[in-house]
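Quick look at structure.pdb (PDB, C-alpha atoms):
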```pdb
ATOM      1  CA  MET A  29      30.854 -26.090  15.942
ATOM      2  CA  GLY A  30      28.513 -26.438  18.911
ATOM      3  CA  ALA A  31      25.322 -24.544  19.648
ATOM      4  CA  SER A  32      24.875 -21.304  17.735
ATOM      5  CA  SER A  33      22.809 -19.738  20.515
ATOM      6  CA  VAL A  34      22.570 -20.356  24.264
ATOM      7  CA  GLU A  35      19.961 -18.452  26.249
ATOM      8  CA  THR A  36      21.856 -17.489  29.353
ATOM      9  CA  THR A  37      19.465 -16.181  31.995
ATOM     10  CA  SER A  38      16.397 -13.994  32.587
ATOM     11  CA  PHE A  39      16.385 -10.440  33.913
ATOM     12  CA  VAL A  40      13.046 -10.625  35.674
ATOM     13  CA  SER A  41      11.747  -9.813  39.141
ATOM     14  CA  ALA A  42      13.573 -11.834  41.780
ATOM     15  CA  ARG A  43      10.452 -11.569  43.925
ATOM     16  CA  ALA A  44       8.336 -13.255  41.243
ATOM     17  CA  VAL A  45      11.027 -15.728  40.114
ATOM     18  CA  PRO A  46      13.594 -16.244  42.903
ATOM     19  CA  GLN A  47      15.596 -18.672  40.739
ATOM     20  CA  MET A  48      16.690 -15.716  38.591
ATOM     21  CA  ALA A  49      17.925 -13.523  41.444
ATOM     22  CA  ASP A  50      21.557 -14.154  40.458
ATOM     23  CA  CYS A  51      21.190 -13.224  36.757
ATOM     24  CA  GLU A  52      23.938 -10.579  36.884
ATOM     25  CA  ALA A  53      26.343 -13.061  38.461
ATOM     26  CA  VAL A  54      25.513 -15.649  35.805
ATOM     27  CA  MET A  55      26.210 -13.173  33.009
ATOM     28  CA  ALA A  56      29.494 -12.179  34.613
ATOM     29  CA  GLY A  57      30.550 -15.823  34.797
ATOM     30  CA  VAL A  58      29.859 -16.669  31.157
ATOM     31  CA  GLU A  59      32.840 -16.615  28.806
ATOM     32  CA  GLN A  60      31.176 -15.560  25.570
ATOM     33  CA  ARG A  61      32.582 -17.282  22.479
ATOM     34  CA  GLU A  62      32.890 -15.447  19.199
ATOM     35  CA  GLY A  63      30.144 -16.528  16.810
ATOM     36  CA  THR A  64      27.754 -17.723  19.539
ATOM     37  CA  ASP A  65      24.692 -15.722  20.555
ATOM     38  CA  TYR A  66      23.855 -15.396  24.285
ATOM     39  CA  PRO A  67      20.343 -13.925  24.520
ATOM     40  CA  VAL A  68      18.709 -13.123  27.859
ATOM     41  CA  LEU A  69      14.995 -12.871  28.540
ATOM     42  CA  VAL A  70      13.618  -9.458  29.554
ATOM     43  CA  LEU A  71       9.976  -8.505  30.098
ATOM     44  CA  ASN A  72      10.158  -4.728  30.408
ATOM     45  CA  LEU A  73      12.477  -1.727  30.092
ATOM     46  CA  LYS A  74      13.761  -2.126  33.639
ATOM     47  CA  GLY A  75      14.877  -5.659  32.845
ATOM     48  CA  PHE A  76      16.393  -4.457  29.567
ATOM     49  CA  GLU A  77      18.483  -1.799  31.306
ATOM     50  CA  ARG A  78      19.735  -4.388  33.801
ATOM     51  CA  ALA A  79      20.623  -6.778  30.987
ATOM     52  CA  LYS A  80      22.400  -4.077  29.014
ATOM     53  CA  ALA A  81      24.406  -3.016  32.083
ATOM     54  CA  ALA A  82      25.379  -6.663  32.655
ATOM     55  CA  GLY A  83      26.880  -6.890  29.160
ATOM     56  CA  ALA A  84      24.087  -8.639  27.245
ATOM     57  CA  ARG A  85      24.369  -8.249  23.483
ATOM     58  CA  SER A  86      21.150 -10.037  22.595
ATOM     59  CA  ILE A  87      17.755 -10.190  24.280
ATOM     60  CA  ALA A  88      14.465 -12.073  24.051
ATOM     61  CA  VAL A  89      11.025 -10.577  24.663
ATOM     62  CA  MET A  90       7.691 -12.296  25.155
ATOM     63  CA  ALA A  91       4.040 -12.040  24.138
ATOM     64  CA  VAL A  92       1.236 -14.240  25.473
ATOM     65  CA  PRO A  93      -2.166 -15.030  23.891
ATOM     66  CA  SER A  94      -3.745 -16.173  27.182
ATOM     67  CA  VAL A  95      -5.380 -13.513  29.371
ATOM     68  CA  THR A  96      -4.846 -15.462  32.598
ATOM     69  CA  PHE A  97      -1.258 -16.505  31.849
ATOM     70  CA  ALA A  98      -0.341 -12.959  30.777
ATOM     71  CA  ARG A  99      -1.659 -11.635  34.083
ATOM     72  CA  LYS A 100       0.185 -14.229  36.172
ATOM     73  CA  ASN A 101       3.461 -14.272  34.193
ATOM     74  CA  ASN A 102       3.669 -10.678  32.910
ATOM     75  CA  ASN A 103       1.169  -8.806  35.096
ATOM     76  CA  CYS A 104      -0.627  -7.349  32.059
ATOM     77  CA  THR A 105      -3.031  -8.201  29.223
ATOM     78  CA  PRO A 106      -2.081 -10.081  26.011
ATOM     79  CA  ALA A 107      -2.200  -6.838  24.001
ATOM     80  CA  GLU A 108       0.033  -5.173  26.559
ATOM     81  CA  THR A 109       2.580  -8.001  26.276
ATOM     82  CA  VAL A 110       3.072  -7.068  22.611
ATOM     83  CA  GLU A 111       3.217  -3.347  23.428
ATOM     84  CA  ARG A 112       5.848  -3.953  26.106
ATOM     85  CA  ALA A 113       7.802  -6.235  23.800
ATOM     86  CA  ALA A 114       7.747  -3.579  21.073
ATOM     87  CA  THR A 115       9.010  -0.909  23.474
ATOM     88  CA  VAL A 116      11.868  -3.101  24.658
ATOM     89  CA  ALA A 117      12.679  -4.237  21.110
ATOM     90  CA  ALA A 118      12.912  -0.621  19.950
ATOM     91  CA  ALA A 119      15.365   0.185  22.740
ATOM     92  CA  ALA A 120      17.423  -2.928  22.000
ATOM     93  CA  ASN A 121      17.557  -2.282  18.261
ATOM     94  CA  ALA A 122      18.618   1.308  18.924
ATOM     95  CA  ALA A 123      21.461  -0.084  21.037
ATOM     96  CA  GLY A 124      22.534  -2.453  18.246
ATOM     97  CA  MET A 125      21.311  -5.579  20.051
ATOM     98  CA  ARG A 126      19.602  -8.580  18.475
ATOM     99  CA  VAL A 127      16.020  -9.241  19.561
ATOM    100  CA  ARG A 128      14.188 -12.557  19.631
ATOM    101  CA  GLY A 129      10.461 -12.779  20.337
ATOM    102  CA  TYR A 130       8.629 -15.618  22.085
ATOM    103  CA  VAL A 131       4.938 -16.373  21.809
ATOM    104  CA  SER A 132       4.442 -18.254  25.059
ATOM    105  CA  CYS A 133       1.617 -20.799  25.488
ATOM    106  CA  ALA A 134       1.298 -20.951  21.691
ATOM    107  CA  LEU A 135      -0.340 -24.390  21.764
ATOM    108  CA  GLY A 136      -1.998 -24.385  25.156
ATOM    109  CA  CYS A 137      -2.430 -22.565  28.462
ATOM    110  CA  PRO A 138      -2.587 -24.195  31.916
ATOM    111  CA  PHE A 139      -5.553 -21.962  32.798
ATOM    112  CA  GLU A 140      -7.487 -21.538  29.536
ATOM    113  CA  GLY A 141      -6.676 -24.661  27.516
ATOM    114  CA  ALA A 142      -5.961 -24.641  23.779
ATOM    115  CA  MET A 143      -5.123 -21.326  22.132
ATOM    116  CA  GLU A 144      -6.672 -20.111  18.882
ATOM    117  CA  PRO A 145      -4.039 -20.314  16.098
ATOM    118  CA  ALA A 146      -5.233 -16.986  14.664
ATOM    119  CA  ALA A 147      -4.613 -15.243  17.994
ATOM    120  CA  VAL A 148      -1.109 -16.700  18.161
ATOM    121  CA  ALA A 149      -0.451 -15.637  14.565
ATOM    122  CA  ASP A 150      -1.499 -12.072  15.445
ATOM    123  CA  LEU A 151       1.096 -11.966  18.213
ATOM    124  CA  ALA A 152       3.804 -13.551  16.055
ATOM    125  CA  GLU A 153       3.222 -10.980  13.331
ATOM    126  CA  GLY A 154       3.213  -8.213  15.937
ATOM    127  CA  LEU A 155       6.570  -9.325  17.324
ATOM    128  CA  GLN A 156       8.094  -9.449  13.866
ATOM    129  CA  ALA A 157       6.777  -5.971  13.094
ATOM    130  CA  ALA A 158       8.238  -4.762  16.398
ATOM    131  CA  GLY A 159      11.743  -5.606  15.197
ATOM    132  CA  CYS A 160      12.299  -9.192  16.340
ATOM    133  CA  HIS A 161      14.702 -10.953  13.975
ATOM    134  CA  GLU A 162      13.165 -14.299  14.973
ATOM    135  CA  VAL A 163       9.842 -15.372  16.471
ATOM    136  CA  CYS A 164       9.710 -18.542  18.560
ATOM    137  CA  LEU A 165       6.442 -20.455  18.995
ATOM    138  CA  ALA A 166       6.596 -21.942  22.488
ATOM    139  CA  ASP A 167       4.536 -24.906  23.683
ATOM    140  CA  THR A 168       5.145 -23.813  27.260
ATOM    141  CA  ILE A 169       3.160 -26.563  28.969
ATOM    142  CA  GLY A 170       3.802 -29.327  26.427
ATOM    143  CA  THR A 171       0.186 -30.092  25.490
ATOM    144  CA  GLY A 172       0.653 -29.686  21.737
ATOM    145  CA  THR A 173       0.453 -32.511  19.203
ATOM    146  CA  PRO A 174       1.632 -32.714  15.581
ATOM    147  CA  GLY A 175      -1.935 -31.910  14.571
ATOM    148  CA  SER A 176      -2.136 -28.722  16.616
ATOM    149  CA  MET A 177       1.410 -27.767  15.580
ATOM    150  CA  ARG A 178       0.417 -28.185  11.928
ATOM    151  CA  ALA A 179      -2.704 -26.068  12.387
ATOM    152  CA  LEU A 180      -0.689 -23.357  14.115
ATOM    153  CA  LEU A 181       2.030 -23.261  11.461
ATOM    154  CA  LEU A 182      -0.522 -23.119   8.647
ATOM    155  CA  GLU A 183      -1.917 -20.001  10.324
ATOM    156  CA  VAL A 184       1.431 -18.373  11.141
ATOM    157  CA  LEU A 185       3.519 -19.096   8.036
ATOM    158  CA  PRO A 186       1.583 -16.839   5.627
ATOM    159  CA  ARG A 187       2.430 -13.973   7.999
ATOM    160  CA  VAL A 188       5.921 -14.874   9.271
ATOM    161  CA  PRO A 189       8.307 -16.766   6.923
ATOM    162  CA  PRO A 190       9.848 -20.052   8.098
ATOM    163  CA  ASP A 191      13.403 -18.674   8.156
ATOM    164  CA  GLN A 192      12.265 -16.239  10.856
ATOM    165  CA  LEU A 193      10.469 -18.840  12.974
ATOM    166  CA  ALA A 194      11.619 -21.194  15.726
ATOM    167  CA  VAL A 195       9.857 -23.785  17.892
ATOM    168  CA  HIS A 196      10.211 -24.382  21.622
ATOM    169  CA  CYS A 197       8.539 -27.646  22.657
ATOM    170  CA  HIS A 198       8.143 -28.894  26.201
ATOM    171  CA  ASP A 199       7.747 -32.637  26.561
ATOM    172  CA  THR A 200       5.046 -32.957  29.243
ATOM    173  CA  TYR A 201       2.912 -35.337  27.157
ATOM    174  CA  GLY A 202       5.791 -36.904  25.241
ATOM    175  CA  GLN A 203       4.960 -35.062  22.008
ATOM    176  CA  ALA A 204       7.953 -32.726  21.706
ATOM    177  CA  LEU A 205       9.976 -34.687  19.133
ATOM    178  CA  ALA A 206       6.891 -35.356  17.022
ATOM    179  CA  ASN A 207       6.016 -31.659  17.125
ATOM    180  CA  ILE A 208       9.553 -30.702  16.123
ATOM    181  CA  TYR A 209       9.455 -33.163  13.241
ATOM    182  CA  GLU A 210       6.200 -31.589  12.093
ATOM    183  CA  ALA A 211       7.781 -28.117  12.223
ATOM    184  CA  LEU A 212      10.720 -29.354  10.136
ATOM    185  CA  GLN A 213       8.310 -30.400   7.398
ATOM    186  CA  HIS A 214       7.097 -26.803   7.224
ATOM    187  CA  GLY A 215      10.588 -25.376   6.821
ATOM    188  CA  VAL A 216      11.257 -24.298  10.411
ATOM    189  CA  SER A 217      14.948 -24.936  11.108
ATOM    190  CA  VAL A 218      15.568 -23.405  14.551
ATOM    191  CA  ILE A 219      14.827 -25.631  17.547
ATOM    192  CA  ASP A 220      15.034 -24.774  21.237
ATOM    193  CA  SER A 221      16.143 -27.449  23.687
ATOM    194  CA  SER A 222      17.860 -27.923  27.049
ATOM    195  CA  VAL A 223      20.364 -30.557  28.119
ATOM    196  CA  ALA A 224      18.803 -33.360  30.148
ATOM    197  CA  GLY A 225      15.395 -31.739  29.624
ATOM    198  CA  LEU A 226      15.965 -29.325  32.496
ATOM    199  CA  GLY A 227      14.075 -26.081  33.027
ATOM    200  CA  GLY A 228      10.428 -25.174  32.901
ATOM    201  CA  CYS A 229       8.198 -22.185  33.577
ATOM    202  CA  PRO A 230       7.256 -21.431  37.212
ATOM    203  CA  PHE A 231       3.772 -20.386  36.070
ATOM    204  CA  ALA A 232       3.039 -23.391  33.845
ATOM    205  CA  GLY A 233       1.069 -25.262  36.500
ATOM    206  CA  PRO A 234       1.613 -28.633  38.217
ATOM    207  CA  GLY A 235       3.058 -31.483  36.175
ATOM    208  CA  ALA A 236       4.505 -29.337  33.380
ATOM    209  CA  SER A 237       7.941 -30.595  32.334
ATOM    210  CA  GLY A 238      11.035 -28.828  31.081
ATOM    211  CA  ASN A 239      11.995 -28.171  27.503
ATOM    212  CA  VAL A 240      12.708 -31.098  25.197
ATOM    213  CA  ALA A 241      16.128 -32.619  25.888
ATOM    214  CA  THR A 242      18.931 -31.504  23.593
ATOM    215  CA  GLU A 243      20.265 -35.054  23.507
ATOM    216  CA  ASP A 244      16.941 -36.418  22.221
ATOM    217  CA  VAL A 245      16.669 -33.729  19.534
ATOM    218  CA  VAL A 246      20.242 -34.207  18.314
ATOM    219  CA  TYR A 247      19.851 -38.001  18.249
ATOM    220  CA  MET A 248      16.735 -37.642  16.096
ATOM    221  CA  LEU A 249      18.374 -35.112  13.766
ATOM    222  CA  ASP A 250      21.456 -37.308  13.391
ATOM    223  CA  GLY A 251      19.208 -40.194  12.416
ATOM    224  CA  LEU A 252      17.477 -38.005   9.826
ATOM    225  CA  GLY A 253      20.809 -36.952   8.367
ATOM    226  CA  ILE A 254      20.282 -33.323   9.413
ATOM    227  CA  GLU A 255      23.337 -31.275  10.420
ATOM    228  CA  SER A 256      22.768 -29.448  13.709
ATOM    229  CA  GLY A 257      26.389 -28.632  14.531
ATOM    230  CA  VAL A 258      25.909 -30.196  17.981
ATOM    231  CA  SER A 259      27.694 -33.398  19.037
ATOM    232  CA  PHE A 260      25.357 -35.957  20.579
ATOM    233  CA  GLU A 261      28.094 -37.364  22.813
ATOM    234  CA  GLN A 262      29.118 -33.934  24.084
ATOM    235  CA  ALA A 263      25.488 -33.039  24.759
ATOM    236  CA  VAL A 264      25.199 -36.257  26.805
ATOM    237  CA  ASP A 265      28.302 -35.281  28.749
ATOM    238  CA  ALA A 266      26.963 -31.797  29.460
ATOM    239  CA  GLY A 267      23.656 -33.236  30.623
ATOM    240  CA  GLU A 268      25.358 -35.771  32.888
ATOM    241  CA  PHE A 269      27.493 -33.056  34.424
ATOM    242  CA  ILE A 270      24.583 -30.745  35.244
ATOM    243  CA  VAL A 271      22.232 -33.413  36.632
ATOM    244  CA  GLN A 272      25.006 -34.645  38.900
ATOM    245  CA  ALA A 273      25.697 -31.087  40.049
ATOM    246  CA  LEU A 274      22.007 -30.407  40.729
ATOM    247  CA  GLY A 275      21.071 -33.844  42.011
ATOM    248  CA  ARG A 276      18.336 -34.023  39.371
ATOM    249  CA  HIS A 277      16.887 -36.793  37.221
ATOM    250  CA  ASN A 278      18.039 -36.888  33.596
ATOM    251  CA  SER A 279      14.918 -36.558  31.443
ATOM    252  CA  SER A 280      16.687 -37.411  28.169
ATOM    253  CA  ARG A 281      15.729 -40.915  27.112
ATOM    254  CA  ALA A 282      18.462 -40.975  24.452
ATOM    255  CA  ALA A 283      21.112 -39.939  26.981
ATOM    256  CA  VAL A 284      20.037 -42.506  29.551
ATOM    257  CA  ALA A 285      19.983 -45.250  26.912
ATOM    258  CA  PHE A 286      23.409 -44.241  25.603
ATOM    259  CA  GLN A 287      24.890 -44.252  29.103
ATOM    260  CA  ARG A 288      23.603 -47.786  29.594
ATOM    261  CA  ARG A 289      24.120 -49.285  26.152
ATOM    262  CA  GLY A 290      25.981 -46.936  23.819
ATOM    263  CA  ARG A 291      24.871 -46.266  20.243
ATOM    264  CA  PRO A 292      22.777 -49.020  18.641
ATOM    265  CA  SER A 293      24.751 -50.929  16.022
ATOM    266  CA  GLY A 294      23.895 -49.977  12.479
ATOM    267  CA  SER A 295      22.451 -46.630  13.558
ATOM    268  CA  ALA A 296      22.419 -43.903  10.915
ATOM    269  CA  ALA A 297      23.888 -41.731  13.663
ATOM    270  CA  ALA A 298      26.733 -44.105  14.459
ATOM    271  CA  SER A 299      29.057 -43.050  17.259
ATOM    272  CA  ARG A 300      32.306 -41.565  16.024
ATOM    273  CA  PRO A 301      35.740 -42.527  17.394
ATOM    274  CA  GLY A 302      36.399 -40.838  20.703
ATOM    275  CA  GLY A 303      32.761 -40.916  21.804
ATOM    276  CA  ARG A 304      32.108 -41.581  25.470
ATOM    277  CA  LEU A 305      31.753 -45.204  26.466
ATOM    278  CA  PRO A 306      29.142 -46.283  29.014
ATOM    279  CA  GLY A 307      30.644 -45.888  32.479
ATOM    280  CA  GLU A 308      33.304 -43.417  31.369
ATOM    281  CA  SER A 309      33.233 -40.094  33.211
ATOM    282  CA  TRP A 310      31.942 -36.966  31.463
ATOM    283  CA  LYS A 311      35.315 -35.242  32.058
ATOM    284  CA  GLN A 312      37.304 -38.013  30.350
ATOM    285  CA  ALA A 313      34.941 -37.944  27.410
ATOM    286  CA  ALA A 314      34.987 -34.162  27.143
ATOM    287  CA  ASP A 315      38.784 -34.239  26.905
ATOM    288  CA  GLU A 316      38.690 -36.869  24.175
ATOM    289  CA  LEU A 317      35.913 -35.123  22.283
ATOM    290  CA  SER A 318      37.751 -31.806  22.151
ATOM    291  CA  GLU A 319      39.349 -32.951  18.891
ATOM    292  CA  PRO A 320      36.983 -33.020  15.864
ATOM    293  CA  PRO A 321      36.579 -36.269  13.943
ATOM    294  CA  ALA A 322      39.033 -36.764  11.093
ATOM    295  CA  GLU A 323      36.300 -37.250   8.519
ATOM    296  CA  ALA A 324      32.721 -36.238   9.197
ATOM    297  CA  PRO A 325      30.522 -36.163   6.088
ATOM    298  CA  PRO A 326      28.328 -33.053   6.052
ATOM    299  CA  ARG A 327      24.652 -33.554   6.753
ATOM    300  CA  ARG A 328      22.218 -30.933   5.519
ATOM    301  CA  LEU A 329      18.662 -30.155   6.474
ATOM    302  CA  PHE A 330      16.332 -31.293   3.713
ATOM    303  CA  PRO A 331      15.571 -29.125   1.776
ATOM    304  CA  TYR A 332      15.689 -26.004   3.908
ATOM    305  CA  GLY A 333      19.382 -25.437   4.762
ATOM    306  CA  PRO A 334      21.454 -25.873   7.941
ATOM    307  CA  LEU A 335      19.802 -26.144  11.314
ATOM    308  CA  SER A 336      20.496 -23.921  14.333
ATOM    309  CA  SER A 337      19.860 -25.482  17.705
ATOM    310  CA  VAL A 338      20.032 -25.305  21.491
ATOM    311  CA  ARG A 339      18.775 -22.428  23.540
ATOM    312  CA  GLY A 340      17.856 -22.169  27.173
ATOM    313  CA  ASP A 341      14.482 -22.609  28.784
ATOM    314  CA  ALA A 342      12.548 -19.558  29.848
ATOM    315  CA  VAL A 343       9.006 -19.790  28.507
TER     316      VAL A 343
END
```
Take the structure I supplied and represent it as structure tokens, if you would.
Amino acid sequence: MGASSVETTSFVSARAVPQMADCEAVMAGVEQREGTDYPVLVLNLKGFERAKAAGARSIAVMAVPSVTFARKNNNCTPAETVERAATVAAAANAAGMRVRGYVSCALGCPFEGAMEPAAVADLAEGLQAAGCHEVCLADTIGTGTPGSMRALLLEVLPRVPPDQLAVHCHDTYGQALANIYEALQHGVSVIDSSVAGLGGCPFAGPGASGNVATEDVVYMLDGLGIESGVSFEQAVDAGEFIVQALGRHNSSRAAVAFQRRGRPSGSAAASRPGGRLPGESWKQAADELSEPPAEAPPRRLFPYGPLSSVRGDAV
């Protein structure tokens, strides 16, 4: 089945974020598969119009609880981030486009420290009221812990139901998987991730890492018996391909271990026939993995339903 949603690019100022200067070219180069969502991040109406002209069918908007981060990342106040998001969401909904809302720095800000859960809940509720079909709580700098994630969810869930929430956990302090596990216990079943743990926010400050690695998330979910629809081996192959192309370090511990040793024997997430062997090229494995396994027992998310996973890394 693969990922149900892949965030493709960001239509933001090339002067502020030079890495996104080629967003139109990226959109033009993506072959969009039926049944897969390809949202793009936009921060204002100008970005929305660019995204719409480039063929985007789904967008993501952002609100920020931190005064300093909102000024540096969005050039406005926290209240204005919600107002801008609402304006863009209204235009997108009128055009028949899906809208996702991020609350960036939901668990911590590089300039102001920990965020008040009530302030984050206000923004999450505001995004939902603005017409966002889903609100994603983003630990942009990766300082959250299961304790702070629990406190945040206890504040947000009475105002936004779990089937309209997602989590986006960076792994700066090695807490991303634990935070995701905590969110699962509260009924959240949409998880953002990026292959090889690539990405990151240019305004997150020194030392902030990228989003949690897709490979690590899928390995954990497989071990829990939770169906994500994403093949661990194919995620490893995708991560290997991109880090080789970029000359980057692979931040997925599960992928690196698998490349060296393969699946541990007796694992609940045992490797299926056709999985890539250590030392085998990603291309050879991708060819072999194009055929689904003959018998793959369904795994369901306890007790909340199927899980949707894998988006890009923008906040």
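The interatomic distance for the pair CA of Thr171 (chain A) and CA of Ala88 (chain A) works out to 23.0 Å.
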Q: Check what the PyMOL selection byres ((chain A and resi 89) around 8) selects in the file above and give those residues as JSON, numbers by chain.
A: {"A": [69, 70, 71, 87, 88, 90, 91, 113, 116, 117, 127, 128, 129, 130]}
Selection file, C-alpha atoms, as a short mmCIF file (atom, residue, chain, number, x, y, z; two decimals), in the coordinates of the input:
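As a result, out_0.cif now contains:
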```cif
data_model
loop_
_atom_site.label_atom_id
_atom_site.label_comp_id
_atom_site.auth_asym_id
_atom_site.auth_seq_id
_atom_site.Cartn_x
_atom_site.Cartn_y
_atom_site.Cartn_z
CA LEU A 69 15.00 -12.87 28.54
CA VAL A 70 13.62 -9.46 29.55
CA LEU A 71 9.98 -8.51 30.10
CA ILE A 87 17.76 -10.19 24.28
CA ALA A 88 14.46 -12.07 24.05
CA MET A 90 7.69 -12.30 25.16
CA ALA A 91 4.04 -12.04 24.14
CA ALA A 113 7.80 -6.24 23.80
CA VAL A 116 11.87 -3.10 24.66
CA ALA A 117 12.68 -4.24 21.11
CA VAL A 127 16.02 -9.24 19.56
CA ARG A 128 14.19 -12.56 19.63
CA GLY A 129 10.46 -12.78 20.34
CA TYR A 130 8.63 -15.62 22.08
#
```
I need the output of the PyMOL selection byres ((chain A and resi 190) around 8) for this file as a PDB file with C-alpha atoms, in the frame of the given file; which residues are they?
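Final output, part_22.pdb:
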```pdb
ATOM      1  CA  LEU A 185       3.519 -19.096   8.036  1.00  0.00           C
ATOM      2  CA  VAL A 188       5.921 -14.874   9.271  1.00  0.00           C
ATOM      3  CA  PRO A 189       8.307 -16.766   6.923  1.00  0.00           C
ATOM      4  CA  ASP A 191      13.403 -18.674   8.156  1.00  0.00           C
ATOM      5  CA  GLN A 192      12.265 -16.239  10.856  1.00  0.00           C
ATOM      6  CA  LEU A 193      10.469 -18.840  12.974  1.00  0.00           C
ATOM      7  CA  ALA A 194      11.619 -21.194  15.726  1.00  0.00           C
ATOM      8  CA  HIS A 214       7.097 -26.803   7.224  1.00  0.00           C
ATOM      9  CA  GLY A 215      10.588 -25.376   6.821  1.00  0.00           C
ATOM     10  CA  VAL A 216      11.257 -24.298  10.411  1.00  0.00           C
ATOM     11  CA  SER A 217      14.948 -24.936  11.108  1.00  0.00           C
TER      12      SER A 217
END
```
(Q) Report, in Å with one decimal, the straight-line distance from CA of Asn278 (chain A) to CA of Val40 (chain A). (A)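 Calculated distance between CA of Asn278 (chain A) and CA of Val40 (chain A) is 26.8 Å.
Nearest to Pro138 (chain A) of all the residues A:Pro106, A:Gly170, A:Gly154, A:Gly228 is A:Gly170, based on all atoms listed in the file.
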Q | Close residues, Gln60 (chain A) itself excluded, 12 Å, only C-alpha atoms, min 3 positions apart in chain, as number ranges by chain | A | A: 32-36, 54-57, 63-67, 83-86
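Each of A:Thr96, A:Thr242, A:Asn101, A:Gln203 was compared to Ala282 (chain A) using only C-alpha atoms, and A:Thr242 turns out to be the nearest.
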Q) Which one of A:Ala119, A:Ser259, A:Ala31, A:Gly75 sits closest to Glu52 (chain A) if you count all atoms listed in the file? A)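 Of A:Ala119, A:Ser259, A:Ala31, A:Gly75, the one nearest Glu52 (chain A), counting all atoms listed in the file, is A:Gly75.
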